[in-house]
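Next up, protein_36.cif (mmCIF, N, CA and C atoms):
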data_input
#
loop_
_atom_site.label_atom_id
_atom_site.label_comp_id
_atom_site.auth_asym_id
_atom_site.auth_seq_id
_atom_site.Cartn_x
_atom_site.Cartn_y
_atom_site.Cartn_z
N MET A 9 -25.71 -42.55 -2.35
CA MET A 9 -24.70 -41.54 -2.16
C MET A 9 -25.35 -40.23 -1.77
N SER A 10 -24.69 -39.55 -0.92
CA SER A 10 -25.21 -38.26 -0.47
C SER A 10 -24.61 -37.16 -1.33
N ALA A 11 -25.43 -36.19 -1.65
CA ALA A 11 -24.96 -35.05 -2.44
C ALA A 11 -24.22 -34.04 -1.59
N HIS A 12 -24.24 -34.24 -0.26
CA HIS A 12 -23.59 -33.32 0.66
C HIS A 12 -22.09 -33.60 0.72
N VAL A 13 -21.29 -32.60 0.53
CA VAL A 13 -19.84 -32.75 0.61
C VAL A 13 -19.38 -32.13 1.90
N HIS A 14 -18.62 -32.88 2.67
CA HIS A 14 -18.14 -32.39 3.97
C HIS A 14 -16.79 -31.70 3.79
N ASN A 15 -16.64 -30.54 4.38
CA ASN A 15 -15.41 -29.76 4.25
C ASN A 15 -14.85 -29.52 5.64
N ASP A 16 -13.62 -29.99 5.89
CA ASP A 16 -12.99 -29.83 7.20
C ASP A 16 -12.07 -28.62 7.28
N HIS A 17 -12.17 -27.71 6.35
CA HIS A 17 -11.25 -26.58 6.30
C HIS A 17 -11.78 -25.35 7.01
N GLY A 18 -12.77 -25.49 7.84
CA GLY A 18 -13.31 -24.33 8.54
C GLY A 18 -14.31 -23.60 7.67
N THR A 19 -14.46 -22.34 7.93
CA THR A 19 -15.44 -21.57 7.17
C THR A 19 -14.94 -21.30 5.77
N ILE A 20 -15.83 -21.28 4.86
CA ILE A 20 -15.49 -21.04 3.45
C ILE A 20 -15.66 -19.56 3.17
N ALA A 21 -14.68 -18.98 2.54
CA ALA A 21 -14.75 -17.57 2.20
C ALA A 21 -15.76 -17.37 1.09
N ALA A 22 -16.58 -16.37 1.25
CA ALA A 22 -17.59 -16.09 0.23
C ALA A 22 -16.94 -15.48 -1.00
N HIS A 23 -17.40 -15.95 -2.14
CA HIS A 23 -16.91 -15.36 -3.38
C HIS A 23 -17.69 -14.09 -3.65
N GLY A 24 -17.10 -13.22 -4.42
CA GLY A 24 -17.73 -11.94 -4.68
C GLY A 24 -18.93 -12.04 -5.59
N SER A 25 -19.81 -11.10 -5.42
CA SER A 25 -20.98 -11.01 -6.29
C SER A 25 -20.73 -9.90 -7.32
N LEU A 26 -21.61 -9.83 -8.29
CA LEU A 26 -21.48 -8.78 -9.29
C LEU A 26 -21.58 -7.41 -8.63
N ARG A 27 -22.49 -7.29 -7.67
CA ARG A 27 -22.65 -6.01 -6.96
C ARG A 27 -21.36 -5.65 -6.21
N GLY A 28 -20.75 -6.63 -5.54
CA GLY A 28 -19.51 -6.38 -4.81
C GLY A 28 -18.37 -5.96 -5.73
N TYR A 29 -18.26 -6.65 -6.87
CA TYR A 29 -17.21 -6.30 -7.82
C TYR A 29 -17.44 -4.91 -8.43
N LEU A 30 -18.69 -4.59 -8.73
CA LEU A 30 -18.98 -3.26 -9.27
C LEU A 30 -18.71 -2.17 -8.23
N THR A 31 -19.07 -2.43 -6.98
CA THR A 31 -18.78 -1.47 -5.91
C THR A 31 -17.28 -1.25 -5.78
N GLY A 32 -16.51 -2.34 -5.78
CA GLY A 32 -15.05 -2.23 -5.71
C GLY A 32 -14.47 -1.49 -6.89
N PHE A 33 -15.00 -1.77 -8.08
CA PHE A 33 -14.51 -1.10 -9.28
C PHE A 33 -14.79 0.40 -9.22
N ILE A 34 -16.01 0.76 -8.84
CA ILE A 34 -16.36 2.19 -8.78
C ILE A 34 -15.52 2.90 -7.72
N LEU A 35 -15.36 2.28 -6.57
CA LEU A 35 -14.50 2.89 -5.54
C LEU A 35 -13.06 3.03 -6.03
N SER A 36 -12.57 2.04 -6.74
CA SER A 36 -11.20 2.11 -7.26
C SER A 36 -11.04 3.24 -8.27
N VAL A 37 -12.03 3.40 -9.14
CA VAL A 37 -11.97 4.49 -10.13
C VAL A 37 -12.00 5.84 -9.44
N VAL A 38 -12.89 5.99 -8.46
CA VAL A 38 -12.99 7.26 -7.73
C VAL A 38 -11.70 7.54 -6.97
N LEU A 39 -11.15 6.51 -6.32
CA LEU A 39 -9.92 6.69 -5.55
C LEU A 39 -8.69 6.88 -6.44
N THR A 40 -8.83 6.65 -7.73
CA THR A 40 -7.77 6.97 -8.69
C THR A 40 -7.98 8.36 -9.28
N ALA A 41 -9.22 8.70 -9.57
CA ALA A 41 -9.53 9.98 -10.22
C ALA A 41 -9.28 11.17 -9.31
N ILE A 42 -9.60 11.04 -8.03
CA ILE A 42 -9.42 12.18 -7.11
C ILE A 42 -7.95 12.57 -6.98
N PRO A 43 -7.02 11.65 -6.72
CA PRO A 43 -5.61 12.06 -6.68
C PRO A 43 -5.11 12.61 -8.01
N PHE A 44 -5.58 12.03 -9.12
CA PHE A 44 -5.20 12.55 -10.43
C PHE A 44 -5.63 14.01 -10.55
N TRP A 45 -6.86 14.30 -10.17
CA TRP A 45 -7.37 15.67 -10.20
C TRP A 45 -6.57 16.57 -9.26
N LEU A 46 -6.25 16.09 -8.06
CA LEU A 46 -5.47 16.89 -7.11
C LEU A 46 -4.11 17.30 -7.68
N VAL A 47 -3.48 16.37 -8.37
CA VAL A 47 -2.15 16.65 -8.94
C VAL A 47 -2.26 17.54 -10.18
N MET A 48 -3.16 17.20 -11.08
CA MET A 48 -3.23 17.93 -12.35
C MET A 48 -3.77 19.35 -12.20
N ALA A 49 -4.69 19.58 -11.26
CA ALA A 49 -5.29 20.91 -11.09
C ALA A 49 -4.58 21.74 -10.03
N HIS A 50 -3.55 21.19 -9.40
CA HIS A 50 -2.82 21.90 -8.33
C HIS A 50 -3.79 22.46 -7.30
N VAL A 51 -4.64 21.61 -6.79
CA VAL A 51 -5.70 22.01 -5.87
C VAL A 51 -5.12 22.42 -4.51
N LEU A 52 -4.19 21.64 -4.00
CA LEU A 52 -3.61 21.94 -2.69
C LEU A 52 -2.42 22.89 -2.85
N ALA A 53 -2.20 23.71 -1.82
CA ALA A 53 -1.19 24.77 -1.91
C ALA A 53 0.24 24.22 -1.98
N SER A 54 0.51 23.17 -1.26
CA SER A 54 1.88 22.67 -1.16
C SER A 54 2.00 21.30 -1.84
N PRO A 55 3.12 21.04 -2.50
CA PRO A 55 3.33 19.71 -3.06
C PRO A 55 3.41 18.63 -1.97
N VAL A 56 3.85 19.01 -0.78
CA VAL A 56 3.91 18.05 0.32
C VAL A 56 2.51 17.59 0.71
N TYR A 57 1.57 18.54 0.80
CA TYR A 57 0.19 18.18 1.13
C TYR A 57 -0.44 17.34 0.01
N THR A 58 -0.10 17.66 -1.22
CA THR A 58 -0.61 16.87 -2.33
C THR A 58 -0.08 15.44 -2.26
N ALA A 59 1.21 15.29 -1.98
CA ALA A 59 1.80 13.94 -1.86
C ALA A 59 1.18 13.18 -0.71
N LEU A 60 0.94 13.83 0.41
CA LEU A 60 0.30 13.16 1.55
C LEU A 60 -1.13 12.73 1.19
N ALA A 61 -1.85 13.59 0.50
CA ALA A 61 -3.22 13.25 0.10
C ALA A 61 -3.22 12.06 -0.86
N VAL A 62 -2.29 12.04 -1.80
CA VAL A 62 -2.20 10.93 -2.75
C VAL A 62 -1.89 9.63 -2.00
N MET A 63 -1.01 9.69 -1.00
CA MET A 63 -0.69 8.49 -0.22
C MET A 63 -1.89 8.00 0.59
N VAL A 64 -2.69 8.92 1.12
CA VAL A 64 -3.89 8.52 1.86
C VAL A 64 -4.87 7.83 0.92
N PHE A 65 -5.07 8.39 -0.27
CA PHE A 65 -5.95 7.76 -1.24
C PHE A 65 -5.40 6.41 -1.70
N ALA A 66 -4.09 6.28 -1.80
CA ALA A 66 -3.48 5.00 -2.18
C ALA A 66 -3.73 3.95 -1.10
N ALA A 67 -3.58 4.34 0.16
CA ALA A 67 -3.85 3.41 1.26
C ALA A 67 -5.32 2.99 1.26
N ALA A 68 -6.21 3.94 1.00
CA ALA A 68 -7.64 3.60 0.95
C ALA A 68 -7.90 2.64 -0.21
N GLN A 69 -7.23 2.83 -1.32
CA GLN A 69 -7.42 1.96 -2.47
C GLN A 69 -6.91 0.54 -2.17
N ILE A 70 -5.83 0.45 -1.44
CA ILE A 70 -5.33 -0.87 -1.04
C ILE A 70 -6.37 -1.61 -0.22
N VAL A 71 -7.00 -0.90 0.71
CA VAL A 71 -8.04 -1.51 1.54
C VAL A 71 -9.23 -1.95 0.68
N VAL A 72 -9.63 -1.12 -0.26
CA VAL A 72 -10.74 -1.47 -1.15
C VAL A 72 -10.40 -2.73 -1.95
N HIS A 73 -9.21 -2.82 -2.46
CA HIS A 73 -8.81 -4.00 -3.24
C HIS A 73 -8.80 -5.25 -2.36
N MET A 74 -8.30 -5.12 -1.14
CA MET A 74 -8.25 -6.29 -0.25
C MET A 74 -9.65 -6.77 0.11
N ILE A 75 -10.57 -5.86 0.33
CA ILE A 75 -11.92 -6.26 0.74
C ILE A 75 -12.75 -6.75 -0.43
N TYR A 76 -12.80 -5.99 -1.52
CA TYR A 76 -13.71 -6.31 -2.61
C TYR A 76 -13.15 -7.30 -3.63
N PHE A 77 -11.85 -7.34 -3.83
CA PHE A 77 -11.30 -8.22 -4.87
C PHE A 77 -10.56 -9.42 -4.29
N LEU A 78 -9.86 -9.24 -3.17
CA LEU A 78 -9.16 -10.37 -2.55
C LEU A 78 -10.00 -11.07 -1.49
N HIS A 79 -11.15 -10.48 -1.14
CA HIS A 79 -12.10 -11.05 -0.18
C HIS A 79 -11.44 -11.37 1.15
N MET A 80 -10.60 -10.48 1.62
CA MET A 80 -9.93 -10.69 2.90
C MET A 80 -10.81 -10.17 4.02
N ASN A 81 -11.03 -11.03 5.01
CA ASN A 81 -11.74 -10.62 6.20
C ASN A 81 -11.27 -11.50 7.36
N THR A 82 -11.78 -11.24 8.53
CA THR A 82 -11.33 -12.00 9.71
C THR A 82 -11.95 -13.39 9.78
N LYS A 83 -12.96 -13.67 8.98
CA LYS A 83 -13.65 -14.96 9.05
C LYS A 83 -13.05 -16.01 8.12
N SER A 84 -12.49 -15.60 7.00
CA SER A 84 -12.00 -16.57 6.03
C SER A 84 -10.72 -17.23 6.53
N GLU A 85 -10.67 -18.54 6.33
CA GLU A 85 -9.52 -19.38 6.68
C GLU A 85 -9.09 -19.21 8.13
N GLY A 86 -10.04 -19.01 9.01
CA GLY A 86 -9.74 -18.94 10.44
C GLY A 86 -8.87 -17.75 10.83
N GLY A 87 -8.88 -16.70 10.03
CA GLY A 87 -8.09 -15.51 10.36
C GLY A 87 -6.66 -15.54 9.85
N TRP A 88 -6.27 -16.60 9.18
CA TRP A 88 -4.89 -16.70 8.70
C TRP A 88 -4.58 -15.68 7.62
N THR A 89 -5.56 -15.27 6.85
CA THR A 89 -5.28 -14.28 5.82
C THR A 89 -4.95 -12.93 6.46
N ILE A 90 -5.61 -12.60 7.57
CA ILE A 90 -5.30 -11.36 8.27
C ILE A 90 -3.92 -11.43 8.89
N LEU A 91 -3.56 -12.59 9.45
CA LEU A 91 -2.22 -12.76 10.02
C LEU A 91 -1.15 -12.62 8.93
N ALA A 92 -1.40 -13.20 7.75
CA ALA A 92 -0.46 -13.05 6.64
C ALA A 92 -0.37 -11.59 6.19
N LEU A 93 -1.51 -10.89 6.21
CA LEU A 93 -1.52 -9.48 5.84
C LEU A 93 -0.70 -8.66 6.83
N ILE A 94 -0.87 -8.92 8.11
CA ILE A 94 -0.12 -8.18 9.13
C ILE A 94 1.38 -8.42 8.95
N PHE A 95 1.78 -9.67 8.73
CA PHE A 95 3.19 -9.98 8.49
C PHE A 95 3.71 -9.24 7.27
N THR A 96 2.93 -9.23 6.21
CA THR A 96 3.34 -8.54 4.98
C THR A 96 3.50 -7.05 5.21
N LEU A 97 2.54 -6.44 5.93
CA LEU A 97 2.63 -5.00 6.20
C LEU A 97 3.86 -4.66 7.03
N VAL A 98 4.16 -5.49 8.04
CA VAL A 98 5.36 -5.25 8.86
C VAL A 98 6.60 -5.39 8.00
N PHE A 99 6.65 -6.42 7.18
CA PHE A 99 7.81 -6.63 6.31
C PHE A 99 8.00 -5.48 5.34
N VAL A 100 6.92 -5.02 4.72
CA VAL A 100 7.00 -3.89 3.78
C VAL A 100 7.43 -2.62 4.51
N ALA A 101 6.89 -2.38 5.70
CA ALA A 101 7.27 -1.18 6.46
C ALA A 101 8.75 -1.20 6.82
N VAL A 102 9.24 -2.34 7.29
CA VAL A 102 10.67 -2.45 7.64
C VAL A 102 11.53 -2.23 6.39
N THR A 103 11.12 -2.81 5.27
CA THR A 103 11.88 -2.66 4.02
C THR A 103 11.90 -1.21 3.55
N LEU A 104 10.73 -0.55 3.56
CA LEU A 104 10.69 0.84 3.10
C LEU A 104 11.44 1.78 4.03
N ILE A 105 11.23 1.64 5.33
CA ILE A 105 11.91 2.52 6.29
C ILE A 105 13.41 2.27 6.24
N GLY A 106 13.82 1.01 6.15
CA GLY A 106 15.25 0.70 6.04
C GLY A 106 15.86 1.25 4.77
N SER A 107 15.13 1.15 3.67
CA SER A 107 15.64 1.68 2.40
C SER A 107 15.79 3.20 2.45
N LEU A 108 14.79 3.88 3.00
CA LEU A 108 14.88 5.33 3.12
C LEU A 108 16.02 5.73 4.04
N TRP A 109 16.21 4.99 5.13
CA TRP A 109 17.29 5.29 6.07
C TRP A 109 18.65 5.12 5.39
N VAL A 110 18.83 4.04 4.64
CA VAL A 110 20.09 3.79 3.94
C VAL A 110 20.33 4.87 2.88
N MET A 111 19.30 5.21 2.10
CA MET A 111 19.47 6.22 1.06
C MET A 111 19.79 7.59 1.65
N TYR A 112 19.17 7.93 2.77
CA TYR A 112 19.46 9.21 3.41
C TYR A 112 20.92 9.25 3.86
N HIS A 113 21.38 8.19 4.50
CA HIS A 113 22.76 8.18 4.98
C HIS A 113 23.77 8.09 3.84
N LEU A 114 23.42 7.41 2.76
CA LEU A 114 24.30 7.41 1.60
C LEU A 114 24.41 8.82 1.02
N ASN A 115 23.30 9.52 0.96
CA ASN A 115 23.31 10.88 0.44
C ASN A 115 24.14 11.78 1.34
N ALA A 116 23.99 11.63 2.66
CA ALA A 116 24.70 12.50 3.60
C ALA A 116 26.19 12.16 3.68
N ASN A 117 26.54 10.89 3.57
CA ASN A 117 27.92 10.47 3.79
C ASN A 117 28.73 10.29 2.52
N MET A 118 28.09 10.25 1.37
CA MET A 118 28.81 9.98 0.13
C MET A 118 28.86 11.19 -0.80
N MET A 119 28.53 12.35 -0.29
CA MET A 119 28.58 13.54 -1.12
C MET A 119 30.03 13.84 -1.48
N PRO A 120 30.28 14.36 -2.68
CA PRO A 120 31.66 14.69 -3.06
C PRO A 120 32.20 15.82 -2.18
N MET A 121 33.49 15.77 -2.02
CA MET A 121 34.13 16.79 -1.18
C MET A 121 34.18 18.13 -1.92
N SER A 122 34.19 19.18 -1.15
CA SER A 122 34.36 20.51 -1.74
C SER A 122 35.84 20.72 -2.06
N LEU A 123 36.15 21.77 -2.79
CA LEU A 123 37.54 22.07 -3.13
C LEU A 123 38.37 22.30 -1.87
N GLN A 124 37.79 22.95 -0.88
CA GLN A 124 38.49 23.20 0.39
C GLN A 124 38.84 21.88 1.09
N ASP A 125 37.91 20.92 1.07
CA ASP A 125 38.16 19.62 1.70
C ASP A 125 39.23 18.84 0.94
N MET A 126 39.24 18.97 -0.40
CA MET A 126 40.22 18.25 -1.20
C MET A 126 41.63 18.79 -0.96
N ARG A 127 41.74 20.08 -0.76
CA ARG A 127 43.06 20.68 -0.50
C ARG A 127 43.61 20.26 0.85
N ASN A 128 42.72 20.07 1.81
CA ASN A 128 43.14 19.71 3.17
C ASN A 128 43.27 18.20 3.36
N ALA A 129 42.90 17.41 2.38
CA ALA A 129 42.98 15.95 2.51
C ALA A 129 44.43 15.51 2.48
N PRO A 130 44.77 14.49 3.24
CA PRO A 130 46.18 14.01 3.26
C PRO A 130 46.60 13.31 2.01
#
Could you render the structure as structure tokens?
Amino acid sequence: MSAHVHNDHGTIAAHGSLRGYLTGFILSVVLTAIPFWLVMAHVLASPVYTALAVMVFAAAQIVVHMIYFLHMNTKSEGGWTILALIFTLVFVAVTLIGSLWVMYHLNANMMPMSLQDMRNAP
């Protein structure tokens, strides 16, 4: 018997090493601590800029998690994980944009009438 096992599933995704996991963990902690500091110390002048900075750090943290913990790259499983990621991102974007659009229009169209409007209503 041969000790060699044949695998027909294409390239095998590499599992993480201790160094990779520690790098991911440290990056995750840093990418969490910086937005926390930005919010708690009121570092940026505007709350809008602070919210944008927090979102940028959140996006960076998502990338760190995908690379270091989920081991997603273009080589594993023939690129299918990247295709699934792209589909997921499109689906999430459509869901979030659609939800914001619906909430905005509900807010604009469902506001209670003023006293003047109620008097003039049929």
Review point. Exactly which residues make up the result of the PyMOL selection byres ((chain A and resi 65-73) around 7) on this file, given as a PyMOL selection string?
Key: chain A and resi 32+35-36+39-40+43+60-64+74-80
Point to revise | Secondary structure check, alpha helix (DSSP H) residues of stretch 56-121 of chain A, as a VMD selection string | key: chain A and resid 56 to 72 88 to 117
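Note that atom N of A:Ser107 and atom N of A:Phe95 are 17.9 Å apart.
For the atom pair formed by atom N of A:Ser25 and atom N of A:Asn81, the distance is 13.6 Å, given to one decimal.
With atom N of A:Val37 on one side and atom C of A:Thr89 on the other, the separation reads 23.7 Å.
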